[in-house]
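Asker: File data_9.cif below, mmCIF, C-alpha atoms:
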data_input
loop_
_atom_site.label_atom_id
_atom_site.label_comp_id
_atom_site.auth_asym_id
_atom_site.auth_seq_id
_atom_site.Cartn_x
_atom_site.Cartn_y
_atom_site.Cartn_z
CA MET A 1 24.97 20.95 -44.73
CA ALA A 2 25.13 24.15 -46.79
CA LYS A 3 27.08 23.98 -50.04
CA ASN A 4 30.04 26.31 -50.56
CA ILE A 5 29.55 28.14 -53.85
CA PHE A 6 32.59 30.13 -54.98
CA ILE A 7 31.78 32.94 -57.39
CA ILE A 8 34.21 34.69 -59.71
CA GLY A 9 33.53 38.41 -59.90
CA LEU A 10 30.77 38.53 -57.31
CA ASP A 11 29.16 42.00 -57.11
CA ASP A 12 26.48 43.52 -54.90
CA PHE A 13 23.76 43.61 -57.60
CA ASN A 14 24.02 39.89 -58.33
CA LEU A 15 24.68 38.93 -54.70
CA SER A 16 21.30 40.43 -53.84
CA GLN A 17 19.70 38.19 -56.46
CA LEU A 18 21.57 35.12 -55.25
CA ARG A 19 20.40 35.72 -51.70
CA ASN A 20 16.80 35.79 -52.92
CA LEU A 21 16.85 32.43 -54.71
CA ARG A 22 14.28 29.93 -53.48
CA HIS A 23 16.98 27.62 -52.12
CA ALA A 24 19.42 30.29 -51.01
CA GLY A 25 19.41 28.87 -47.48
CA GLU A 26 21.17 25.77 -48.81
CA TYR A 27 24.20 27.73 -50.03
CA ARG A 28 27.09 29.72 -48.68
CA TYR A 29 28.19 32.25 -51.28
CA ARG A 30 31.91 32.95 -51.26
CA SER A 31 33.64 35.55 -53.40
CA LEU A 32 36.62 33.95 -55.09
CA ILE A 33 37.92 37.22 -56.50
CA ASP A 34 36.51 40.68 -57.26
CA TYR A 35 36.04 41.56 -60.90
CA SER A 36 38.07 44.71 -60.30
CA ASP A 37 41.01 42.46 -59.34
CA ILE A 38 40.76 40.59 -62.63
CA LYS A 39 41.09 43.78 -64.62
CA GLN A 40 43.63 46.54 -64.01
CA GLY A 41 43.06 49.52 -66.27
CA GLU A 42 43.06 48.09 -69.79
CA ARG A 43 44.74 44.81 -68.77
CA PHE A 44 43.10 41.51 -67.89
CA LEU A 45 45.26 39.89 -65.19
CA VAL A 46 44.53 36.29 -66.15
CA ARG A 47 47.82 34.76 -64.98
CA GLU A 48 47.64 36.60 -61.64
CA PHE A 49 43.99 35.70 -61.20
CA LEU A 50 44.59 31.98 -61.64
CA GLN A 51 47.45 32.07 -59.15
CA GLN A 52 45.42 33.98 -56.54
CA ALA A 53 42.34 31.83 -57.04
CA GLN A 54 44.31 28.63 -56.54
CA GLN A 55 45.94 30.01 -53.40
CA ARG A 56 42.56 30.95 -51.90
CA LEU A 57 40.95 27.64 -52.79
CA ASP A 58 43.91 25.63 -51.47
CA ALA A 59 43.75 27.55 -48.19
CA PHE A 60 39.99 26.95 -47.76
CA ASP A 61 39.40 24.48 -44.91
CA ASP A 62 35.93 23.24 -45.90
CA SER A 63 34.45 21.54 -48.96
CA ILE A 64 34.64 23.30 -52.33
CA ASP A 65 31.29 22.31 -53.85
CA ALA A 66 31.06 24.52 -56.94
CA ILE A 67 32.76 27.39 -58.75
CA ILE A 68 30.55 29.57 -60.93
CA GLY A 69 30.64 32.85 -62.85
CA TYR A 70 28.30 35.00 -64.91
CA TRP A 71 30.75 37.39 -66.57
CA ASP A 72 32.09 37.20 -70.10
CA PHE A 73 35.81 36.99 -70.82
CA PRO A 74 38.00 36.25 -69.00
CA VAL A 75 35.74 34.72 -66.34
CA SER A 76 34.00 32.37 -68.77
CA THR A 77 37.30 30.93 -69.96
CA VAL A 78 39.20 30.65 -66.67
CA LEU A 79 36.20 28.95 -65.05
CA PRO A 80 36.71 25.54 -66.73
CA ILE A 81 40.41 25.59 -65.82
CA LEU A 82 39.55 25.95 -62.13
CA GLN A 83 36.62 23.53 -62.23
CA GLN A 84 38.82 20.85 -63.77
CA ARG A 85 41.68 21.55 -61.36
CA TYR A 86 39.41 20.95 -58.34
CA GLY A 87 37.39 18.07 -59.79
CA LEU A 88 34.16 20.04 -60.07
CA ASN A 89 31.29 19.90 -62.53
CA GLY A 90 31.59 22.00 -65.67
CA ALA A 91 32.38 21.91 -69.36
CA SER A 92 35.90 21.13 -70.55
CA LEU A 93 38.14 24.01 -71.56
CA GLU A 94 38.28 22.72 -75.14
CA ALA A 95 34.47 22.66 -75.37
CA VAL A 96 34.28 26.20 -73.98
CA LEU A 97 36.85 27.42 -76.50
CA LYS A 98 34.94 25.77 -79.34
CA CYS A 99 32.14 28.15 -78.39
CA GLU A 100 34.12 31.29 -77.57
CA HIS A 101 36.92 31.29 -80.15
CA LYS A 102 34.86 32.80 -82.97
CA TYR A 103 36.75 31.12 -85.80
CA TRP A 104 36.97 27.67 -84.16
CA SER A 105 33.30 27.96 -83.25
CA ARG A 106 32.31 28.67 -86.86
CA ILE A 107 34.21 25.62 -88.06
CA CYS A 108 32.40 23.41 -85.53
CA GLN A 109 29.01 24.94 -86.34
CA ALA A 110 29.51 24.49 -90.08
CA GLU A 111 30.20 20.78 -89.56
CA VAL A 112 26.67 20.08 -88.28
CA CYS A 113 24.40 22.95 -89.37
CA PRO A 114 25.99 24.71 -92.36
CA GLU A 115 22.62 26.12 -93.41
CA PHE A 116 22.71 28.40 -90.33
CA ILE A 117 26.23 29.74 -90.92
CA PRO A 118 27.39 32.69 -93.09
CA PRO A 119 30.57 32.51 -95.19
CA PHE A 120 33.62 33.21 -93.02
CA GLU A 121 37.42 33.20 -92.95
CA HIS A 122 40.18 34.10 -90.52
CA ILE A 123 42.34 37.20 -90.96
CA ASP A 124 45.71 38.20 -89.55
CA PRO A 125 45.32 41.97 -89.13
CA PHE A 126 49.10 42.37 -88.89
CA ASP A 127 49.68 40.72 -92.26
CA ALA A 128 50.84 43.32 -94.78
CA ASN A 129 48.57 41.65 -97.35
CA ALA A 130 45.53 41.36 -95.07
CA GLU A 131 43.38 43.73 -97.14
CA GLU A 132 44.01 41.88 -100.40
CA GLY A 133 43.70 38.44 -98.81
CA ILE A 134 40.03 38.67 -97.81
CA GLY A 135 37.84 36.69 -100.17
CA LEU A 136 34.43 37.87 -98.95
CA GLU A 137 32.42 40.41 -100.87
CA PHE A 138 31.53 43.74 -99.24
CA PRO A 139 29.81 44.36 -96.91
CA PHE A 140 30.94 41.98 -94.17
CA TRP A 141 31.63 42.00 -90.44
CA LEU A 142 35.20 42.11 -89.18
CA LYS A 143 35.86 41.29 -85.53
CA PRO A 144 38.53 39.74 -83.28
CA VAL A 145 38.27 36.00 -82.67
CA LYS A 146 37.82 36.93 -79.00
CA ALA A 147 36.22 40.10 -77.62
CA ALA A 148 33.10 41.16 -75.74
CA SER A 149 30.29 43.71 -76.14
CA SER A 150 31.04 44.08 -79.87
CA TYR A 151 34.48 45.50 -79.02
CA LEU A 152 36.38 46.25 -82.27
CA GLY A 153 33.56 44.80 -84.34
CA PHE A 154 33.08 46.70 -87.62
CA LYS A 155 30.64 46.45 -90.48
CA VAL A 156 32.89 47.01 -93.47
CA HIS A 157 31.37 48.39 -96.70
CA ASP A 158 34.39 49.13 -98.88
CA GLN A 159 38.17 49.06 -99.11
CA ASN A 160 38.57 52.37 -97.28
CA GLU A 161 36.49 51.20 -94.30
CA LEU A 162 38.43 47.94 -94.30
CA ARG A 163 41.72 49.81 -94.09
CA GLN A 164 40.45 52.03 -91.26
CA SER A 165 39.00 49.08 -89.36
CA LEU A 166 42.19 47.06 -89.59
CA GLU A 167 44.18 50.01 -88.25
CA LYS A 168 41.88 50.33 -85.22
CA ILE A 169 41.97 46.60 -84.66
CA ARG A 170 45.77 46.50 -84.73
CA GLN A 171 45.87 49.20 -82.06
CA GLY A 172 43.44 47.51 -79.68
CA ILE A 173 43.24 43.78 -80.38
CA GLY A 174 45.83 42.91 -77.74
CA HIS A 175 43.42 44.08 -75.04
CA PHE A 176 41.59 40.74 -75.32
CA GLY A 177 44.06 38.92 -77.55
CA GLU A 178 47.02 38.62 -75.20
CA PRO A 179 45.14 37.31 -72.14
CA PHE A 180 43.16 35.00 -74.42
CA ASN A 181 46.43 33.62 -75.76
CA TYR A 182 47.50 32.81 -72.20
CA ILE A 183 44.32 30.75 -71.72
CA LEU A 184 44.88 28.95 -75.03
CA ARG A 185 48.10 27.52 -73.54
CA PHE A 186 46.01 25.32 -71.24
CA ALA A 187 44.08 23.73 -74.12
CA ASP A 188 44.79 20.92 -76.57
CA LEU A 189 44.30 22.75 -79.87
CA PRO A 190 44.14 21.32 -83.40
CA ALA A 191 47.02 22.47 -85.58
CA ASP A 192 44.78 24.61 -87.81
CA ILE A 193 43.39 26.44 -84.76
CA ALA A 194 46.67 26.86 -82.86
CA THR A 195 47.90 29.27 -85.55
CA VAL A 196 44.76 31.45 -85.28
CA ASP A 197 45.36 32.98 -81.87
CA GLY A 198 43.71 35.85 -80.02
CA ASN A 199 45.43 38.47 -82.18
CA HIS A 200 43.57 37.26 -85.26
CA CYS A 201 40.18 38.25 -86.64
CA ILE A 202 37.26 36.60 -88.31
CA ALA A 203 35.55 38.10 -91.34
CA GLU A 204 32.06 36.82 -91.97
CA GLY A 205 29.06 37.55 -94.13
CA ILE A 206 26.36 39.90 -92.89
CA ILE A 207 23.71 38.13 -90.82
CA SER A 208 22.14 41.15 -89.13
CA GLU A 209 19.09 41.12 -91.38
CA GLY A 210 15.87 40.44 -89.51
CA HIS A 211 15.23 39.96 -85.80
CA GLN A 212 17.62 38.75 -83.13
CA CYS A 213 16.98 36.58 -80.11
CA THR A 214 18.93 34.68 -77.44
CA LEU A 215 18.22 31.19 -76.20
CA GLU A 216 19.13 30.58 -72.54
CA GLY A 217 19.72 26.96 -71.58
CA TYR A 218 22.00 24.34 -70.08
CA ALA A 219 23.62 21.06 -71.02
CA TYR A 220 23.33 18.30 -68.44
CA GLN A 221 24.63 14.75 -68.80
CA GLY A 222 24.61 14.94 -72.58
CA GLU A 223 21.16 16.53 -72.90
CA VAL A 224 20.56 20.13 -74.03
CA HIS A 225 17.63 22.06 -72.58
CA VAL A 226 16.41 25.59 -73.42
CA TYR A 227 14.26 27.27 -70.77
CA GLY A 228 13.82 30.78 -72.22
CA VAL A 229 14.03 32.80 -75.44
CA ILE A 230 14.68 36.56 -75.18
CA ASP A 231 14.34 39.09 -77.99
CA SER A 232 17.37 41.34 -78.58
CA ILE A 233 16.23 44.60 -80.14
CA ARG A 234 18.79 46.90 -81.77
CA GLU A 235 19.07 50.56 -82.68
CA GLY A 236 21.44 53.11 -84.22
CA ARG A 237 23.80 53.08 -87.15
CA TYR A 238 23.93 49.65 -88.83
CA GLN A 239 21.53 48.45 -86.07
CA SER A 240 24.71 47.56 -84.20
CA SER A 241 23.74 48.66 -80.66
CA PHE A 242 21.30 46.88 -78.36
CA SER A 243 18.25 48.89 -77.39
CA ARG A 244 16.61 46.33 -75.08
CA TYR A 245 16.35 42.64 -74.18
CA GLN A 246 12.70 41.59 -73.89
CA TYR A 247 11.25 38.38 -72.46
CA PRO A 248 9.42 36.28 -73.49
CA SER A 249 10.25 36.30 -77.19
CA MET A 250 7.66 37.19 -79.81
CA PHE A 251 9.16 34.72 -82.33
CA PRO A 252 6.85 32.03 -83.77
CA ALA A 253 7.02 28.65 -82.04
CA ARG A 254 8.19 26.89 -85.22
CA ILE A 255 11.17 29.25 -85.49
CA LYS A 256 12.09 28.65 -81.88
CA ARG A 257 11.95 24.89 -82.45
CA ARG A 258 14.36 25.17 -85.41
CA MET A 259 16.75 27.23 -83.29
CA ILE A 260 16.58 24.78 -80.41
CA ASP A 261 17.30 21.90 -82.80
CA ALA A 262 20.37 23.71 -84.19
CA THR A 263 21.54 24.52 -80.67
CA THR A 264 21.27 20.89 -79.63
CA ARG A 265 23.17 19.66 -82.68
CA VAL A 266 26.02 22.13 -82.25
CA LEU A 267 26.54 21.74 -78.49
CA GLN A 268 26.39 17.96 -78.60
CA HIS A 269 28.78 17.94 -81.56
CA ILE A 270 31.42 19.94 -79.68
CA GLY A 271 30.90 18.00 -76.44
CA TYR A 272 29.71 20.94 -74.38
CA ASP A 273 28.17 19.51 -71.21
CA ASN A 274 27.24 20.15 -67.57
CA SER A 275 27.20 23.93 -67.92
CA PRO A 276 24.83 26.76 -68.79
CA PHE A 277 24.95 28.62 -72.09
CA ASN A 278 23.20 31.23 -74.17
CA ILE A 279 23.19 31.25 -77.96
CA GLU A 280 22.18 34.08 -80.29
CA PHE A 281 20.29 33.76 -83.58
CA TYR A 282 18.86 35.98 -86.30
CA TRP A 283 15.63 35.27 -88.14
CA ALA A 284 14.78 37.01 -91.42
CA PRO A 285 10.98 36.57 -91.83
CA GLY A 286 10.94 37.56 -95.49
CA LYS A 287 13.35 34.76 -96.40
CA ASP A 288 12.34 32.52 -93.48
CA GLU A 289 16.09 32.27 -92.95
CA ILE A 290 17.83 31.59 -89.64
CA ARG A 291 21.45 32.39 -88.89
CA LEU A 292 23.47 31.47 -85.79
CA LEU A 293 25.38 34.47 -84.45
CA GLU A 294 27.42 33.24 -81.47
CA ILE A 295 27.53 31.00 -78.41
CA ASN A 296 28.31 32.19 -74.87
CA THR A 297 29.34 29.69 -72.19
CA ARG A 298 27.53 31.35 -69.28
CA ILE A 299 24.15 32.61 -68.21
CA SER A 300 23.46 36.20 -69.16
CA LYS A 301 23.41 38.34 -66.03
CA SER A 302 21.41 40.86 -68.08
CA HIS A 303 18.55 38.36 -68.28
CA CYS A 304 18.46 37.43 -64.57
CA PRO A 305 15.92 40.10 -63.52
CA LEU A 306 13.76 39.30 -66.57
CA PHE A 307 13.39 35.66 -65.55
CA LYS A 308 12.61 36.72 -61.99
CA MET A 309 9.85 39.07 -63.11
CA VAL A 310 8.24 36.61 -65.56
CA ASP A 311 9.07 33.12 -64.25
CA GLY A 312 9.53 33.83 -60.56
CA GLU A 313 13.24 32.97 -60.19
CA TYR A 314 16.61 34.36 -61.19
CA HIS A 315 18.38 31.95 -63.49
CA HIS A 316 21.38 32.04 -61.21
CA ALA A 317 19.55 28.95 -59.93
CA VAL A 318 20.33 27.10 -63.16
CA ASN A 319 23.98 28.10 -62.92
CA ILE A 320 24.23 26.69 -59.39
CA ASP A 321 22.29 23.49 -60.09
CA VAL A 322 24.45 22.32 -62.99
CA ALA A 323 27.63 23.31 -61.11
CA LEU A 324 26.48 21.06 -58.24
CA GLY A 325 25.82 18.21 -60.67
CA ARG A 326 22.04 18.17 -60.51
CA ARG A 327 19.33 18.70 -63.12
CA PRO A 328 17.76 22.20 -62.87
CA ASP A 329 14.06 22.48 -62.14
CA PHE A 330 13.46 26.03 -63.35
CA PRO A 331 9.93 27.51 -63.00
CA GLN A 332 7.87 28.87 -65.89
CA GLY A 333 5.36 31.73 -65.71
CA GLU A 334 5.36 32.05 -61.92
CA GLY A 335 6.50 35.69 -61.81
CA ARG A 336 4.59 38.93 -61.21
CA TYR A 337 4.55 40.07 -64.85
CA ARG A 338 3.91 38.59 -68.29
CA TYR A 339 6.69 40.66 -69.92
CA ALA A 340 9.98 42.13 -68.78
CA ALA A 341 12.87 43.98 -70.39
CA LYS A 342 16.30 45.38 -69.82
CA PHE A 343 16.39 48.76 -71.54
CA MET A 344 19.81 50.17 -72.44
CA VAL A 345 19.97 53.97 -72.43
CA ARG A 346 22.45 55.07 -75.09
CA ARG A 347 24.07 58.02 -76.75
CA HIS A 348 25.53 57.67 -80.22
CA GLU A 349 28.09 60.45 -80.01
CA ASP A 350 30.83 61.40 -77.57
CA ALA A 351 30.07 64.07 -74.97
CA LEU A 352 30.97 65.32 -71.51
CA VAL A 353 28.49 64.21 -68.83
CA THR A 354 27.35 67.27 -66.88
CA ARG A 355 24.44 65.78 -64.90
CA VAL A 356 23.09 62.35 -63.98
CA PRO A 357 19.91 61.40 -62.08
CA GLY A 358 20.19 61.64 -58.31
CA ARG A 359 19.18 59.03 -55.74
CA GLY A 360 15.89 60.77 -55.11
CA GLU A 361 14.97 60.75 -58.80
CA ILE A 362 15.86 57.07 -59.10
CA GLU A 363 13.82 56.27 -56.01
CA LYS A 364 10.77 58.00 -57.53
CA VAL A 365 11.03 55.66 -60.51
CA ARG A 366 11.10 52.67 -58.17
CA GLN A 367 8.10 53.97 -56.27
CA ARG A 368 6.07 54.43 -59.44
CA PHE A 369 7.17 51.12 -60.99
CA PRO A 370 7.61 48.35 -58.39
CA ASP A 371 10.47 45.94 -59.17
CA ALA A 372 12.14 48.45 -61.52
CA GLU A 373 15.93 48.65 -61.27
CA VAL A 374 18.05 51.57 -62.49
CA LEU A 375 21.82 51.22 -62.89
CA LEU A 376 23.95 54.18 -63.98
CA HIS A 377 27.17 53.66 -65.93
CA VAL A 378 28.29 57.30 -65.97
CA GLN A 379 28.83 60.15 -63.55
CA ALA A 380 29.10 63.89 -63.93
CA GLY A 381 32.49 65.05 -65.18
CA MET A 382 33.39 62.01 -67.27
CA ARG A 383 33.58 61.75 -71.06
CA LEU A 384 31.61 58.99 -72.74
CA SER A 385 34.67 57.97 -74.72
CA GLY A 386 36.20 56.99 -71.36
CA LEU A 387 33.72 54.13 -70.97
CA ARG A 388 35.38 50.75 -71.47
CA ASN A 389 34.26 47.78 -73.58
CA GLN A 390 31.59 49.66 -75.52
CA ASP A 391 30.46 48.67 -79.00
CA SER A 392 32.01 50.55 -81.91
CA TYR A 393 29.05 52.87 -82.52
CA SER A 394 27.47 53.98 -79.23
CA TYR A 395 27.85 54.50 -75.47
CA GLU A 396 25.67 52.76 -72.88
CA ILE A 397 25.03 55.30 -70.11
CA ALA A 398 22.46 53.41 -68.00
CA VAL A 399 20.17 50.38 -67.89
CA ILE A 400 16.59 50.10 -66.66
CA PHE A 401 14.94 46.78 -65.78
CA MET A 402 11.12 46.80 -65.84
CA GLY A 403 8.12 44.47 -66.01
CA ALA A 404 4.54 44.87 -67.28
CA ASP A 405 1.51 42.81 -68.29
CA THR A 406 1.71 43.72 -71.99
CA ALA A 407 4.54 44.54 -74.35
CA GLU A 408 2.90 47.88 -75.12
CA ALA A 409 2.68 48.81 -71.44
CA LEU A 410 6.30 47.83 -71.00
CA GLU A 411 7.40 50.34 -73.66
CA ARG A 412 5.16 53.10 -72.25
CA ASN A 413 6.48 52.55 -68.74
CA TYR A 414 10.04 52.77 -69.99
CA GLN A 415 9.44 56.08 -71.74
CA THR A 416 7.83 57.44 -68.57
CA ALA A 417 10.73 56.26 -66.42
CA LEU A 418 13.29 57.67 -68.84
CA ALA A 419 11.63 61.09 -68.67
CA MET A 420 11.97 60.94 -64.87
CA LEU A 421 15.75 60.38 -65.12
CA PRO A 422 17.40 63.56 -66.38
CA PHE A 423 20.83 63.28 -68.01
CA GLU A 424 22.66 66.32 -69.34
CA PHE A 425 25.64 66.44 -71.71
CA GLU A 426 27.97 68.97 -73.27
CA THR A 427 29.08 68.12 -76.80
CA THR A 428 31.73 70.78 -77.26
#
So, in terms of structure tokens, how does the structure I just supplied come out?

Answerer:
Amino acid sequence: MAKNIFIIGLDDFNLSQLRNLRHAGEYRYRSLIDYSDIKQGERFLVREFLQQAQQRLDAFDDSIDAIIGYWDFPVSTVLPILQQRYGLNGASLEAVLKCEHKYWSRICQAEVCPEFIPPFEHIDPFDANAEEGIGLEFPFWLKPVKAASSYLGFKVHDQNELRQSLEKIRQGIGHFGEPFNYILRFADLPADIATVDGNHCIAEGIISEGHQCTLEGYAYQGEVHVYGVIDSIREGRYQSSFSRYQYPSMFPARIKRRMIDATTRVLQHIGYDNSPFNIEFYWAPGKDEIRLLEINTRISKSHCPLFKMVDGEYHHAVNIDVALGRRPDFPQGEGRYRYAAKFMVRRHEDALVTRVPGRGEIEKVRQRFPDAEVLLHVQAGMRLSGLRNQDSYSYEIAVIFMGADTAEALERNYQTALAMLPFEFETT
């Protein structure tokens, strides 16, 4: 009998991938709630979502076999609440929060692999003495304890930048902070964490030196397994904006082994189990130094097409397997290409969009490069500053997924495709 898989925030792009999994015939995909219903304007409707989700699940007259998601906050943090409520496989809410609450996560990481962790401290941006109370030396990163896509994350070089950053954070931190605080109510928090809620920040030493990568994996019955390492290549001011995700990683095998060892120690220490994850690291070759950046309690939907092109399967399959309580059997090297990437097309200054590529122009790219996918984030007539959840230094206007047999061919193909996709902007 087919398994009923409920998906939070199901969209057409990922539904197409799910329907093309090798074992898709064994599943019935059911949308639990649209992502657009979770977010209304600038507000995340977490309370309303949980109420609606419970009503829909209670009214379902067949078996509820799994609930999954692939979005960041708030999906990643409401997921364990629902899984626990309906007796399904998944990590505990406390284990998820030990990954996603940036300050709590740093404390847990420092307990088992302090050599991978920069100096850090928590900050109350609304404290009148916040500027004077920071003990870190400039420069450092300042970011909310919960956000996504580098939202309100600032590299602070001096007292003036600190003052400006704190002002911006105070104006916008509630966007993630308030709904995150609602989720914290469901968790059993230590006293020293309960006072550092979603309207607080973490300041931490700079760890952006070197090269960044992401390990994709899962925890299953106490064991941690990594099935892919993806390079995260940055661009722009302070190298703060992602340029592309490229798979497989070019990192040396010994560096990957050290990262996998650190990942295993941290996740087992916090009790994270029976769920997928991805974890980001930096490696500085000159110092041979590794730093752990952050842990995400989900698969990366950005990496799904890359695994399909290189390994022959979307890693939605891993998400489903662990949610159904079975060990994933993910393929390796069975795809059409040796390399694949998600390229992020960006602008680093605000502008009015006056033209975007048409369907015919996008189709020509697909005809020239089989398996390529082009997704536009903008349309004519909108201002880039109207895009939501962007990093603090750039605007992502489109993404292009592509595969090739060499890394060099991959870059050439991207430049060719980009030239075939005309965007026009007015900066006045």

Asker: Identify the residues around (26.0, 32.3, -80.7) within a radius of 8 Å, measuring from all atoms listed in the file in the coordinates stated by the file, and give them as a PyMOL selection string.

Answerer: chain A and resi 99+278-281+292-296

Asker: Written as a ChimeraX atom specification, which residues does the PyMOL selection byres ((chain A and resi 83) around 12) give for the file shown?

Answerer: /A:5-8,50,53-54,57,64-69,75-82,84-93,274-275,323-324

Asker: Tell me which residues the PyMOL selection byres ((chain A and resi 399) around 12) grabs here, as a PyMOL selection string.

Answerer: chain A and resi 242-245+302+305+341-346+362+372-378+395-398+400-402+414+417-418+421

Asker: For the structure provided, state which residues fall under the PyMOL selection byres ((chain A and resi 133) around 12), and present them as a PyMOL selection string.

Answerer: chain A and resi 121-132+134-137+159+162+203

Asker: Between A:Leu267, A:Ala262, A:Ile169, A:Ala95, single out the one closest to A:Ala187, counting all atoms listed in the file.

Answerer: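 Between A:Leu267, A:Ala262, A:Ile169, A:Ala95, the residue approaching A:Ala187 most closely is A:Ala95.
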
Asker: As a PDB file with C-alpha atoms, keeping the file's coordinate frame, please: the residues near A:Arg347 (cut-off 12 Å, all atoms listed in the file, same-chain neighbours under 3 positions excluded).

Answerer:
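Saved as out-v5.pdb:
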ATOM      1  CA  GLU A 235      19.070  50.560 -82.680  1.00  0.00           C
ATOM      2  CA  GLY A 236      21.440  53.110 -84.220  1.00  0.00           C
ATOM      3  CA  ARG A 237      23.800  53.080 -87.150  1.00  0.00           C
ATOM      4  CA  SER A 241      23.740  48.660 -80.660  1.00  0.00           C
ATOM      5  CA  PHE A 242      21.300  46.880 -78.360  1.00  0.00           C
ATOM      6  CA  SER A 243      18.250  48.890 -77.390  1.00  0.00           C
ATOM      7  CA  MET A 344      19.810  50.170 -72.440  1.00  0.00           C
ATOM      8  CA  ASP A 350      30.830  61.400 -77.570  1.00  0.00           C
ATOM      9  CA  ALA A 351      30.070  64.070 -74.970  1.00  0.00           C
ATOM     10  CA  LEU A 352      30.970  65.320 -71.510  1.00  0.00           C
ATOM     11  CA  VAL A 353      28.490  64.210 -68.830  1.00  0.00           C
ATOM     12  CA  VAL A 378      28.290  57.300 -65.970  1.00  0.00           C
ATOM     13  CA  ARG A 383      33.580  61.750 -71.060  1.00  0.00           C
ATOM     14  CA  LEU A 384      31.610  58.990 -72.740  1.00  0.00           C
ATOM     15  CA  SER A 385      34.670  57.970 -74.720  1.00  0.00           C
ATOM     16  CA  LEU A 387      33.720  54.130 -70.970  1.00  0.00           C
ATOM     17  CA  GLN A 390      31.590  49.660 -75.520  1.00  0.00           C
ATOM     18  CA  ASP A 391      30.460  48.670 -79.000  1.00  0.00           C
ATOM     19  CA  TYR A 393      29.050  52.870 -82.520  1.00  0.00           C
ATOM     20  CA  SER A 394      27.470  53.980 -79.230  1.00  0.00           C
ATOM     21  CA  TYR A 395      27.850  54.500 -75.470  1.00  0.00           C
ATOM     22  CA  GLU A 396      25.670  52.760 -72.880  1.00  0.00           C
ATOM     23  CA  ILE A 397      25.030  55.300 -70.110  1.00  0.00           C
ATOM     24  CA  ALA A 398      22.460  53.410 -68.000  1.00  0.00           C
ATOM     25  CA  PHE A 423      20.830  63.280 -68.010  1.00  0.00           C
ATOM     26  CA  GLU A 424      22.660  66.320 -69.340  1.00  0.00           C
ATOM     27  CA  PHE A 425      25.640  66.440 -71.710  1.00  0.00           C
ATOM     28  CA  THR A 427      29.080  68.120 -76.800  1.00  0.00           C
TER      29      THR A 427
END

Asker: Suppose you want the space between atom CA of A:Asp261 and atom CA of A:Ala147; what is it in Å?

Answerer: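 These atoms are spaced 26.8 Å apart.
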
Asker: Would you give me, as a Markdown table, each residue of stretch 280-397 of chain A having an atom within 10 Å of an atom of stretch 251-260 of chain A, along with its shortest atom pair and that distance in Å to one decimal, using all atoms listed in the file and sorting by chain and residue number?

Answerer:
| residue | atom | partner | partner_atom | distance |
| --- | --- | --- | --- | --- |
| A:Glu280 | CA | A:Met259 | CA | 9.2 |
| A:Phe281 | CA | A:Met259 | CA | 7.4 |
| A:Tyr282 | CA | A:Met259 | CA | 9.5 |
| A:Trp283 | CA | A:Ile255 | CA | 7.9 |
| A:Pro285 | CA | A:Ile255 | CA | 9.7 |
| A:Asp288 | CA | A:Ile255 | CA | 8.7 |
| A:Glu289 | CA | A:Ile255 | CA | 9.4 |
| A:Ile290 | CA | A:Met259 | CA | 7.8 |
| A:Arg291 | CA | A:Met259 | CA | 8.9 |
| A:Leu292 | CA | A:Met259 | CA | 8.3 |

Asker: From the set A:Leu45, A:Ala2, A:Ile207, A:Val96, which residue has the shortest atom-to-atom contact distance to A:Tyr182, counting all atoms listed in the file?

Answerer: A:Leu45

Asker: With only C-alpha atoms as the basis for distance, which of A:Leu97, A:Val318, A:Ala404, A:Ala284 is at the shortest distance from A:Asp188?

Answerer: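 Closest to A:Asp188, using only C-alpha atoms: A:Leu97.
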
Asker: In terms of the shortest atom-to-atom distance over all atoms listed in the file, which of A:Val226, A:Cys201, A:Ile270, A:Ala219 is closest to A:Cys108?

Answerer: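 Among A:Val226, A:Cys201, A:Ile270, A:Ala219, it is A:Ile270 that comes nearest to A:Cys108.
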
Asker: Residues near A:Tyr35, anyone? I mean within 10 Å using only C-alpha atoms, not counting same-chain ones fewer than 6 positions away, as a ChimeraX atom specification.

Answerer: /A:8-11,44,49,71,74-75

Asker: Grab the residues selected above and save them as an mmCIF file, in the coordinates of the input with C-alpha atoms.

Answerer:
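The resulting out11.cif:
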data_model
loop_
_atom_site.group_PDB
_atom_site.id
_atom_site.type_symbol
_atom_site.label_atom_id
_atom_site.label_comp_id
_atom_site.auth_asym_id
_atom_site.auth_seq_id
_atom_site.Cartn_x
_atom_site.Cartn_y
_atom_site.Cartn_z
ATOM 1 C CA ILE A 8 34.210 34.690 -59.710
ATOM 2 C CA GLY A 9 33.530 38.410 -59.900
ATOM 3 C CA LEU A 10 30.770 38.530 -57.310
ATOM 4 C CA ASP A 11 29.160 42.000 -57.110
ATOM 5 C CA PHE A 44 43.100 41.510 -67.890
ATOM 6 C CA PHE A 49 43.990 35.700 -61.200
ATOM 7 C CA TRP A 71 30.750 37.390 -66.570
ATOM 8 C CA PRO A 74 38.000 36.250 -69.000
ATOM 9 C CA VAL A 75 35.740 34.720 -66.340
#

Asker: For stretch 334-339 of chain A, work out the shell of residues within 9 Å, counting all atoms listed in the file and skipping chain neighbours fewer than 6 positions away, then give it as a VMD selection string.

Answerer: chain A and resid 246 to 248 306 to 313 402 to 407 410

Asker: Between A:Asp371, A:Glu26, A:Glu94, A:Asp321, which one has atoms that come closest to A:Tyr272, using all atoms listed in the file?

Answerer: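 With all atoms listed in the file as the atom set, the closest residue is A:Glu94.
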
Asker: Restricting the calculation to all atoms listed in the file, which member of A:Asp37, A:Phe369, A:Arg265, A:Arg163 is positioned closest to A:Pro114?

Answerer: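 Comparing A:Asp37, A:Phe369, A:Arg265, A:Arg163 against A:Pro114, the winner is A:Arg265.
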